[in-house]
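Contents: one structure, followed by commentary.
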Amino acid sequence: MAQRRMFSQKVTETDKFLDMGLTAQSLYFHLGMNADDDGFVGNPKSIKRMIGASEDDLKALVEKDYLIVFEDGVVVIKDWLVSNYVKKDRYTPTIYTDDMKLIGLDKNKRYQFVSDLEPERNQVGTEMSPECIQDGDKMEPNCIQSGSKNKNQISSENSQPQQGQGFNSMEPNWNQNGTRMEPKWILRLG
């Protein structure tokens, strides 16, 4: 087990933290000192008894959003990665791998249950599934429902010009994002 741990003032100097009782604050520090390199503590009840804290102090840390308690009694400190950084050559992964699978990091580097995390919205809008064809400015219903079309549907659709594909010289072209571009005049010879 590590001999040194850090506590960020971003966590411990907030009004929310300082409004807790002194024994709850002390319990937080002792849990942090006994946590593994991922912020997990396997014996929170022993630590609680060792320092004379009550069950209410542990509940206060959970209610104030400082700890996550798992069904097996293990706890993880939510702000662990805000406060602590362990070099790769000294890092020892947690033995609580099943509990680790249930959590992820939010945008503030705090542990949250995976079910509570918001999906990331940084998707690239220019990438499309190669089997999903757009018709002008609207998505085909089959693409929306099933996510793709079979190859027979695609080949039959591609055999005839569709609106927005620019086959007619008077018809406007469409951007990838579905907005209309100014018509282009095309001179066709022959």
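Just remember, in the structure tokens the first chain shown is A, the second B, etc., residues are 1-based per chain, and ligands are 1-based in the order shown.
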
Practice task
Give the alpha helix (DSSP H) residues of region 30-133 of chain A, as assigned by DSSP on the backbone, as a PyMOL selection string.
Solution key: chain A and resi 30-34+44-51+55-63+80-83+97-100

Practice task
Might you pull out every residue within 10 Å of region 46-54 of chain A, with only C-alpha atoms counted and same-chain residues fewer than 4 positions away left off, and present them as a ChimeraX atom specification?
Solution key: /A:22-28,30-31,34,41-42,58-60

C-alpha atoms of the current selection, written as a CSV table (one decimal), in the first residue's frame:
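New file selection17.csv:
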chain,number,residue,atom,x,y,z
A,22,LEU,CA,-15.6,16.9,12.0
A,23,THR,CA,-15.9,13.1,12.3
A,24,ALA,CA,-17.3,12.8,8.7
A,25,GLN,CA,-14.4,15.0,7.5
A,26,SER,CA,-11.9,12.9,9.4
A,27,LEU,CA,-13.4,9.7,8.0
A,28,TYR,CA,-13.0,11.1,4.5
A,30,HIS,CA,-8.7,8.3,6.7
A,31,LEU,CA,-10.5,6.5,3.8
A,34,ASN,CA,-6.2,3.8,3.2
A,41,VAL,CA,-11.3,1.0,0.1
A,42,GLY,CA,-12.2,-2.6,1.0
A,58,LEU,CA,-20.4,7.3,6.4
A,59,LYS,CA,-23.9,8.1,5.2
A,60,ALA,CA,-23.1,11.8,5.2

Fill in the blank from the handout: If you count only C-alpha atoms, the residue of A:Arg90, A:Lys45, A:Arg110, A:Arg5 closest to Ile68 (chain A) turns out to be A:Arg110

Handout entry: strand (DSSP E or B) positions in region 40-123 of chain A, given as a ChimeraX atom specification
Key = /A:40-41,67-69,75-77,103-105,111-113

Write the residues of the preceding selection, restricted to C-alpha atoms, as a short mmCIF file (atom, residue, chain, number, x, y, z; two decimals), in the first residue's frame.
data_model
loop_
_atom_site.label_atom_id
_atom_site.label_comp_id
_atom_site.auth_asym_id
_atom_site.auth_seq_id
_atom_site.Cartn_x
_atom_site.Cartn_y
_atom_site.Cartn_z
CA PHE A 40 -11.08 1.89 -3.58
CA VAL A 41 -11.31 0.98 0.10
CA LEU A 67 -18.23 8.25 -1.84
CA ILE A 68 -19.82 5.49 -3.87
CA VAL A 69 -20.79 2.40 -1.89
CA VAL A 75 -16.37 2.15 -1.29
CA VAL A 76 -14.62 4.36 -3.82
CA ILE A 77 -13.70 7.99 -3.34
CA ILE A 103 -18.10 3.07 -12.72
CA GLY A 104 -16.62 5.50 -15.19
CA LEU A 105 -15.31 9.05 -15.22
CA TYR A 111 -16.19 8.57 -10.57
CA GLN A 112 -19.84 7.99 -11.41
CA PHE A 113 -21.90 4.89 -12.04
#

Handout entry: Interatomic distance, CA of Val86 (chain A) to CA of Asp37 (chain A) (Å, one decimal)
Key =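 Calculated distance between CA of Val86 (chain A) and CA of Asp37 (chain A) is 6.9 Å.
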
Exercise for the section: Choose the residue, out of A:Asp19, A:Asp57, A:Leu102, A:Arg4, that has the smallest atom-to-atom separation from Ser115 (chain A); count only C-alpha atoms. Expected result: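 Closest candidate: A:Leu102.
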
Practice task
Enter the distance from CA of Leu117 (chain A) to CA of Lys78 (chain A), in Å, rounded to one decimal.
Solution key: 13.3 Å
